[in-house]
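S.K.: Submitted below is the structure of interest, expressed as structure tokens.
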Amino acid sequence: MIVNEKIAIEHGLKKTEYKKICELLKRIPNITELGLFSAMWNEHCSYKSSKIHLKNLPTSGKKVIQGPGENAGVVDIGDKEAVVFKIESHNHPSFIEPYQGAATGVGGIMRDVFTMGARPIANLNSIHFGSTQHKKTKNLVRGVVRGIGGYGNCIGVPTIAGQTCFDESYNGNILVNAMTLGLVKKNKIFYSKATGIDKPVIYVGSKTGRDGIHGASMASAVFDDQIEEKKPTVQVGDPFTEKLLLEACLELMSDNSIISIQDMGAAGLTSSSIEMASKGNLGIELNLNKVPCRESNMNPYEIMLSESQERMLIVLENGKEGKAKKIFDKWNLDFAIIGKTTSSKKIEIYFDGNKVVDVPIEFLSDKAPEYDRKWKKTKLPIKNKYNKDIYKNLKILNVLKKILSNPNVCSKEWIWRQYDHTVMGDTIQKPGGNAGVVRVHGSNKAIAASVDSSANYCFAHPLTGGKQVVCESWRNMISVGATPIAITNCLNFGNPEKEENMGEFVECTQGIGEACKYLNYPVVSGNVSFYNETKDKGIKPTPSIGGVGLIQDYKKMVSMELKKLDNIVLLIGKTEGHIDQSIFAKEILNKKKGPPPEINLFNEKNNGETILKLINEGYVKSAHDVSLGGLLVAIVKMCIFGNKGIYINKPKNLINYFQYFFGEDQARYLIEIEKKDLTKVKSILEKNSVYFNEFGIIQEKNIVLKDKLSVTIDELIEANKKWLPNYMSN
Amino acid sequence: MNSSVIIFPGSNCDRDIDVALKKFGFKNKMIWHDNVELPKSDLVVLPGGFSYGDYLRCGSMASKSKIINDIIKFANSGGLLLGICNGFQILTETELLPGVLLRNKLSEFICKNVFVKINNVENNYFKNIKKQILELHIAHNEGNFFCSNDQMKKIEDNNQIALLYCDKNGEINEKFNPNGSSKNIAGIFNQKKNILGMMPHPERMIDKCLSSDEGSIFFETLLNNFK
Amino acid sequence: MKISVIVTLKKNVLDPQGTTIKKALEGMSFNNINEVRQGKYFEIDIDEKNQRKAEEKANEMCKKLLANLVIEDFKIIKSL
Amino acid sequence: MKISVIVTLKKNVLDPQGTTIKKALEGMSFNNINEVRQGKYFEIDIDEKNQRKAEEKANEMCKKLLANLVIEDFKIIKSL
Ligand SMILES: Nc1ncnc2c1ncn2[C@@H]1O[C@H](COP(=O)(O)OP(=O)(O)O)[C@@H](O)[C@H]1O
Ligand SMILES: [Mg+2]
């Protein structure tokens with residue numbers, strides 16, 4: 001087949017891009033070469049629309065060992081140990097085949113982590129579905145949850161936290177973001193940069209089939225009505241093989257046979273081989289007849305672009321082939337020497353004795369296009385003025401119950417009960433709390449992690465929304481007593497070629513960067529997923545933030561269930577009663593406009609750090625950050641978890657009961673302390689200029705707000721826990 | 001006391017049980033399924049996980065491993081053989097234990113704490129155990145114990161039921177049955193009571209900071225019974 | 001030669017997956033379903049030209065691995 | 001009326017189950033196996049006396065739930 005512009009465009013390349021390829025090569029590429037270009041130059045691999053904006057994110061810090069650019073980020077946790085983590089999207093495949101799409105998403109991110117030499121110790125996920133009324137939603141939820149569980153449970157890595165949202169903007173484009181954390185010795189981290197010439201290039205894992213050819217291009221294409229035709233690009237996950245691959249790789253990594261290693265993710269053999277060579281400033285030569293294939297008559301184009309799962313590419317030290325082969329034989333995995341590193345700085349590929357690719361590496365990597373796309377700024381919306389009358393017919397109890405059973409607030413136990421969250425025996429905080437926590441095996445340390453997103457805030461005002469998600473993640477860390485270390489982000493957006501969507505991306509990213517900088521909470525890895533739209537309708541901007549924190553002594557960890565009768569609950573942070581964009585405004589008042597709550601980074605940092613101090617000194621018995629749904633929802637969750645009630649004091653500077661209790665002002669926490677410590681705790685808070693007030697006193701079983709509310713927690717548990725299982729079983 | 005944990009491809013609770021056995025004083029060895037011979041052991045454990053991915057049926061392919069013959073010999077000579085979760089499934093597939101473990105009633109994976117009542121203490125696993133009701137943890141897709149009526153009669157006549165799902169006071173009721181298991185069975189013995197298969201994972205509950213530490217009672221009792 | 005095998009749960013054995021599927025179908029407004037039972041299907045490609053011999057082999061495989069005769073029945077069917 | 005359905009993975013789609021079963025069979029000294037593919041089998045009992053109508057219904061069920069046509073094919077077969 002002779003390549004021409006039309007074929008290039010069918011490969012997702014723009015006219016100008018095709019022209020540039022021909023100019024670089026000084027000839028027309030053959031079809032395999034075109035395949036390589038289209039894979040490497042597409043959005044998913046090249047970050048061509050996002051690169052210039054991602055540059056502004058803070059990526060370094062005292063604890064950062066490896067920032068973005070490798071398979072995953074790495075942070076120092078002391079004692080010669082490090083944590084490796086990353087989040088990644090698998091949105092489009094999960095919409096088409098929810099079980100396999102989600103499963104392979106989990107498999108892919110785990111490979112990113114163990115490629116670096118780390119044993120995965122925890123999985124997390126952030127999933128966004130369409131409206132609960134939409135006819136596809138239920139099956140998508142069922143399939144995605146089964147897929148995430150099916151893969152993670154089988155490998156034996158606990159899923160310790162996550163996040164689930166429903167919003168009609170995801171009706172035609174769900175989001176499935178999977179995150180993995182791994183643990184590694186600092187001196188045993190493996191990188192993808194190849195070094196040395198004439199080193200054997202090894203292929204291990206599963207055989208190559210025609211799976212997902214052009215998956216990376218699909219991830220960068222808008223869904224259209226012909227979606228069904230794109231179906232064969234979905235892969236089937238094989239967690240059993242991945243488990244073997246994990247063990248085999250870690251076994252081989254125990255000495256120094258490996259020079260560099262890279263999993264075959266998006267764009268398979270193409271991107272893995274090119275990245276290894278590119279980072280090492282080397283060339284690479286491959287003989288595709290050596291690649292283990294599952295199907296007959298696969299051609300070079302198919303072999304290079306296949307996205308078959310559970311495969312790895314390794315550059316070995318000379319002479320280590322025999323030893324490596326023995327390990328992979330033991331684990332019953334394919335092993336083949338398929339090429340070598342060269343000094344040519346080119347990728348040269350042979351098949352049936354012919355040279356089928358001959359392209360300088362830099363053309364495919366560094367020379368990939370970069371765009372500074374047009375984008376539109378979002379103005380801060382004007383605050384809504386609420387007439388007191390709108391509250392007149394509302395009853396606090398009814399509103400509370402309605403919010404507690406809202407799909408976005410209700411308990412997600414139906415989901416996380418299907419995930420093995422205790423395997424590996426180190427989970428000390430399971431899903432359902434502020435953050436999941438796992439012990440660092442055999443030590444006193446523990447790692448906290450959570451995933452957050454706030455698409456409504458980001459949609460209303462991307463800059464504030466971006467900041468808010470980072471702050472919420474930071475608060476989740478604080479609330480369990482962890483020092484926030486770093487984040488990973490999965491930036492899910494619409495079509496970057498549209499100014500509005502690009503603007504959302506630019507400003508959310510700015511907001512994330514600003515907050516991260518201020519909080520000293522750097523970004524060490526991440527993933528951009530554009531083109532999340534169907535038939536021109538884009539999703540709300542949805543950056544997901546995966547936060548990671550360190551607890552020095554796990555015995556000091558704090559959880560959110562109320563602990564003891566007569567203890568005092570303090571509300572930290574100021575309550576102004578901001579209800580625009582709150583769940584109360586949306587669900588009860590039916591108001592969709594207005595700005596999200598303001599972010600004050602000084603308060604965020606100061607409140608958080610002071611609470612951490614109180615935790616480390618042992619004063620805090622339980623803690624929870626106040627987020628979606630506001631104060632009352634937050635305290636009710638603490639009550640439900642602890643199976644206790646509370647007597648809530650009448651707020652001093654009351655604006656209005658509804659605004660006060662359902663407003664979503666930021667930088668707030670509820671903490672439980674003992675009476676005897678009150679004076680001491682107050683003085684510490686005052687000394688640090690932290691705003692607080694005495695919120696209430698823990699009592700048995702009843703939640704009471706004088707003259708306004710008196711309800712047993714059992715009644716609220718019912719509202720909170722039943723919604724999801726009921727929805728799923730009907 | 002010497003114990004051996006068998007690792008099958010896809011086992012994933014092997015480290016957890018290793019940690020637990022060592023914590024309570026066993027000298028433990030990890031044995032790859034490909035071996036033909038078991039080392040000298042007082043206790044052999046088939047761990048939890050997804051041997052062979054749980055493809056086909058849970059435990060079916062592991063039950064054809066090379067090491068199984070020697071395990072059968074070991075059990076027939078009276079050695080203590082414990083299967084936890086996937087290990088239990090392997091034991092039923094080898095027919096060392098009666099019945100099978102079907103898909104959970106709701107056909108969903110289930111991960112949560114449960115209470116189990118120890119139904120028979122006249123054996124080397126539970127003799128002298130200090131509590132009859134333990135809070136343990138389950139995490140499985142296929143824990144729904146099933147057997148024919150004839151088999152069930154034999155199991156009951158021989159007092160082979162080891163553990164029953166119950167509530168914290170020991171009440172046994174369908175309400176507390178997490179997976180549809182016949183008669184709330186969470187674990188069973190062979191006739192001689194030297195083979196025990198159980199769905200709950202005591203090895204995940206051996207520390208106060210985990211959601212229960214009553215797995216410790218299980219291991220302490222087991223070790224003491226060897227002394 | 002390709003041999004096809006169907007493995008089904010015995011009649012008296014509960015089939016939670018089948019029940020779940022039935023419910024899901026009903027949720028999608030398929031009515032009048034009395035029962036759904038799920039089983040397994042295998043296609044085994046054996047290097048054996050003699051049909052009878054191939055079937056015998058498949059039969060062995062079923063007994064030894066593919067079916068658990070405590071709860072399952074199997075049937076060798078004409079390849080589809 | 002009982003309708004039987006077989007759902008199989010499309011030819012090019014990876015079948016981890018089948019591959020693993022094949023390896024296990026080989027480990028048990030079954031030789032000369034070229035390939036094993038696993039699929040699903042459903043027996044649907046519908047309150048419907050007309051064969052054609054019952055099959056049509058089953059067809060619908062397959063398309064909407066039992067099979068994902070992205071990776072699977074299905075076939076309605078004579079009840080066994
Ligand atoms: N998909 C999921 N996987 C695992 N855990 C989840 C998932 N969705 C929600 N959760 C858990 O449910 C809890 C509640 O989440 P969220 O509604 O974000 O609560 P909050 O606003 O109080 O932080 C979290 O602890 C989270 O870990
Ligand atoms: Mg939170």
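Labeling convention for the structure tokens: chains A, B, ... as they appear, residues from 1 per chain, ligands from 1 in order of appearance.
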Find the residues of chain C in contact range of chain A, meaning any atom within 9 Å when counting only C-alpha atoms, and list them as a list in words.
M.R.: Lys23, Ala24 and Gly27 of chain C
S.K.: Could you tell me which residues of chain B sit within 8 Å of chain D when counting only C-alpha atoms, and give me the result as a CSV table (one decimal) with C-alpha atoms, in the first residue's frame?
M.R.:
chain,number,residue,atom,x,y,z
B,52,TYR,CA,-4.5,-20.3,37.5
B,55,TYR,CA,-10.2,-19.7,35.2
B,56,LEU,CA,-12.3,-22.8,34.5
B,61,MET,CA,-6.2,-26.6,37.7
B,64,LYS,CA,-3.8,-31.3,39.1
S.K.: As a PyMOL selection string, please: all residues of chain D that backbone DSSP puts in strand (DSSP E or B).
M.R.: chain D and resi 2-9+33-46+72-77
S.K.: Export, as a tab-separated table (two decimals), in the first residue's frame, the selected residues with C-alpha atoms.
M.R.:
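Written out: again_36.tsv:
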chain	number	residue	atom	x	y	z
D	2	LYS	CA	-36.12	-23.63	26.37
D	3	ILE	CA	-33.71	-21.84	24.12
D	4	SER	CA	-29.97	-22.56	24.19
D	5	VAL	CA	-27.39	-19.98	23.36
D	6	ILE	CA	-23.67	-20.20	22.90
D	7	VAL	CA	-21.55	-17.10	23.27
D	8	THR	CA	-17.98	-17.30	22.05
D	9	LEU	CA	-15.12	-14.84	21.90
D	33	ILE	CA	-4.00	-30.00	21.39
D	34	ASN	CA	-3.86	-27.13	18.96
D	35	GLU	CA	-6.14	-24.79	20.79
D	36	VAL	CA	-8.81	-24.55	23.47
D	37	ARG	CA	-11.35	-21.74	23.43
D	38	GLN	CA	-13.83	-21.17	26.19
D	39	GLY	CA	-17.25	-19.68	25.77
D	40	LYS	CA	-20.49	-19.39	27.65
D	41	TYR	CA	-23.61	-21.41	27.37
D	42	PHE	CA	-27.06	-20.21	28.41
D	43	GLU	CA	-30.29	-22.06	28.71
D	44	ILE	CA	-33.19	-19.68	28.78
D	45	ASP	CA	-36.61	-20.93	29.65
D	46	ILE	CA	-39.19	-18.52	28.24
D	72	GLU	CA	-18.15	-11.86	21.27
D	73	ASP	CA	-20.35	-13.70	18.81
D	74	PHE	CA	-23.40	-15.65	19.74
D	75	LYS	CA	-25.41	-18.44	18.26
D	76	ILE	CA	-28.82	-19.77	19.12
D	77	ILE	CA	-28.80	-23.53	18.96
S.K.: Show me which residues sit within 8 Å of ligand 1 when counting only C-alpha atoms and all ligand atoms, and put them as an MDAnalysis selection string.
M.R.: chainID A and resid 124:127 145 159:165 408:413 415:416 419 430:436 450:452 476 624:629 634 637
S.K.: To one decimal place in Å, what is the distance between CA of Thr483 (chain A) and CA of Gly549 (chain A)?
M.R.: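 Between CA of Thr483 (chain A) and CA of Gly549 (chain A) the gap works out to 5.1 Å.
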S.K.: For chain A, which residues have at least one atom within 7 Å of chain B, if we go by only C-alpha atoms? Write them as a PyMOL selection string, please.
M.R.: chain A and resi 154-156+239-240+243-244+417-420+422-425+427-428
S.K.: Fewer than 5 positions away in the same chain doesn't count, so skip those; otherwise give me all residues within 7 Å of Lys117 (chain B), counting only C-alpha atoms, as a VMD selection string.
M.R.: chain B and resid 132 to 134 163 to 166 170
S.K.: Save out the residues we just selected, C-alpha atoms, as a PDB file, in the first residue's frame.
M.R.:
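Written out: selection18.pdb:
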ATOM      1  CA  GLN B 132     -16.021 -19.988  70.197  1.00  0.00           C
ATOM      2  CA  ILE B 133     -17.014 -17.047  68.064  1.00  0.00           C
ATOM      3  CA  LEU B 134     -14.347 -15.330  66.031  1.00  0.00           C
ATOM      4  CA  LEU B 163     -17.177 -23.211  61.054  1.00  0.00           C
ATOM      5  CA  LEU B 164     -20.551 -21.574  60.628  1.00  0.00           C
ATOM      6  CA  TYR B 165     -21.376 -17.987  59.720  1.00  0.00           C
ATOM      7  CA  CYS B 166     -23.194 -16.308  62.577  1.00  0.00           C
ATOM      8  CA  GLY B 170     -23.251 -16.772  67.773  1.00  0.00           C
TER       9      GLY B 170
END
S.K.: Would you compute the distance between CA of Asn387 (chain A) and CA of Leu404 (chain A)? Give it in Å to one decimal.
M.R.: 24.8 Å
S.K.: Please list as a PyMOL selection string every residue within 10 Å of Val13 (chain C), counting only C-alpha atoms and excluding residues in the same chain fewer than 5 positions away.
M.R.: (chain B and resi 102+146-148) or (chain C and resi 8+70-72)
S.K.: Using all heavy atoms, can you export the residues from the last selection as a CSV table (one decimal), in the first residue's frame?
M.R.:
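The file below, result-v5.csv, is the result:
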chain,number,residue,atom,x,y,z
B,102,LEU,N,-19.6,-22.9,45.2
B,102,LEU,CA,-20.2,-22.3,44.0
B,102,LEU,C,-20.0,-20.8,44.1
B,102,LEU,O,-19.7,-20.2,45.2
B,102,LEU,CB,-21.7,-22.6,44.0
B,102,LEU,CG,-22.1,-24.1,43.9
B,102,LEU,CD1,-23.6,-24.2,44.0
B,102,LEU,CD2,-21.6,-24.6,42.5
B,146,PHE,N,-21.7,-26.1,48.7
B,146,PHE,CA,-22.8,-26.9,48.3
B,146,PHE,C,-22.4,-28.4,48.2
B,146,PHE,O,-21.3,-28.7,47.8
B,146,PHE,CB,-23.2,-26.4,46.9
B,146,PHE,CG,-24.3,-27.3,46.2
B,146,PHE,CD1,-25.7,-27.0,46.5
B,146,PHE,CD2,-24.0,-28.4,45.4
B,146,PHE,CE1,-26.7,-27.8,45.9
B,146,PHE,CE2,-25.0,-29.2,44.9
B,146,PHE,CZ,-26.3,-28.9,45.1
B,147,CYS,N,-23.4,-29.3,48.6
B,147,CYS,CA,-23.1,-30.7,48.4
B,147,CYS,C,-24.5,-31.4,48.3
B,147,CYS,O,-25.5,-30.8,48.6
B,147,CYS,CB,-22.2,-31.3,49.5
B,147,CYS,SG,-23.0,-31.2,51.1
B,148,SER,N,-24.4,-32.6,47.9
B,148,SER,CA,-25.7,-33.4,47.8
B,148,SER,C,-26.2,-33.7,49.2
B,148,SER,O,-25.5,-33.6,50.2
B,148,SER,CB,-25.4,-34.7,47.1
B,148,SER,OG,-24.6,-35.5,47.9
C,8,THR,N,-22.8,-28.2,31.9
C,8,THR,CA,-23.9,-27.5,32.6
C,8,THR,C,-23.9,-27.9,34.0
C,8,THR,O,-23.5,-29.0,34.4
C,8,THR,CB,-25.2,-27.8,31.9
C,8,THR,OG1,-25.3,-29.3,31.8
C,8,THR,CG2,-25.4,-27.2,30.6
C,70,VAL,N,-19.2,-33.7,40.3
C,70,VAL,CA,-20.1,-33.6,41.5
C,70,VAL,C,-21.2,-32.7,41.3
C,70,VAL,O,-22.3,-32.9,41.8
C,70,VAL,CB,-19.2,-33.0,42.7
C,70,VAL,CG1,-20.1,-32.9,43.9
C,70,VAL,CG2,-18.0,-33.9,43.0
C,71,ILE,N,-21.0,-31.7,40.5
C,71,ILE,CA,-22.1,-30.7,40.3
C,71,ILE,C,-22.4,-30.5,38.8
C,71,ILE,O,-23.4,-29.8,38.5
C,71,ILE,CB,-21.7,-29.3,40.8
C,71,ILE,CG1,-20.2,-28.9,40.5
C,71,ILE,CG2,-21.9,-29.2,42.3
C,71,ILE,CD1,-19.9,-27.5,40.6
C,72,GLU,N,-21.6,-31.0,37.9
C,72,GLU,CA,-21.8,-30.7,36.5
C,72,GLU,C,-22.0,-31.9,35.6
C,72,GLU,O,-21.5,-33.0,35.9
C,72,GLU,CB,-20.6,-29.9,36.0
C,72,GLU,CG,-20.4,-28.5,36.6
C,72,GLU,CD,-19.1,-27.8,36.3
C,72,GLU,OE1,-18.1,-28.5,36.1
C,72,GLU,OE2,-19.1,-26.6,36.1
S.K.: So which one's closest to Cys516 (chain A), A:Ser365, A:Asn693, A:Asn489, A:Ser50? Using only C-alpha atoms, please.
M.R.: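 The shortest atom-to-atom distance to Cys516 (chain A) comes from A:Asn489.
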S.K.: Give the alpha helix (DSSP H) residues of chain C, as assigned by DSSP on the backbone, as a list of chain:residue names.
M.R.: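 Matching residues for alpha helix (DSSP H) in chain C are C:Pro16, C:Gln17, C:Gly18, C:Thr19, C:Thr20, C:Ile21, C:Lys22, C:Lys23, C:Ala24, C:Leu25, C:Glu26, C:Gly27, C:Gln51, C:Arg52, C:Lys53, C:Ala54, C:Glu55, C:Glu56, C:Lys57, C:Ala58, C:Asn59, C:Glu60, C:Met61.
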S.K.: If you measure from CA of Asn606 (chain A) to CA of Ser689 (chain A), what distance in Å do you get, rounded to one decimal?
M.R.: 8.2 Å
S.K.: From the set D:Gln51, D:Asn32, D:Asp15, D:Lys57, which residue has the shortest atom-to-atom contact distance to chain C, counting only C-alpha atoms?
M.R.: D:Asn32
S.K.: Extract, using only C-alpha atoms, all DNA, RNA and protein residues at most 7 Å from region 313-322 of chain A, discarding same-chain residues fewer than 2 positions from it, and format them as an MDAnalysis selection string.
M.R.: chainID A and resid 194 199:204 257:264 272 324:326
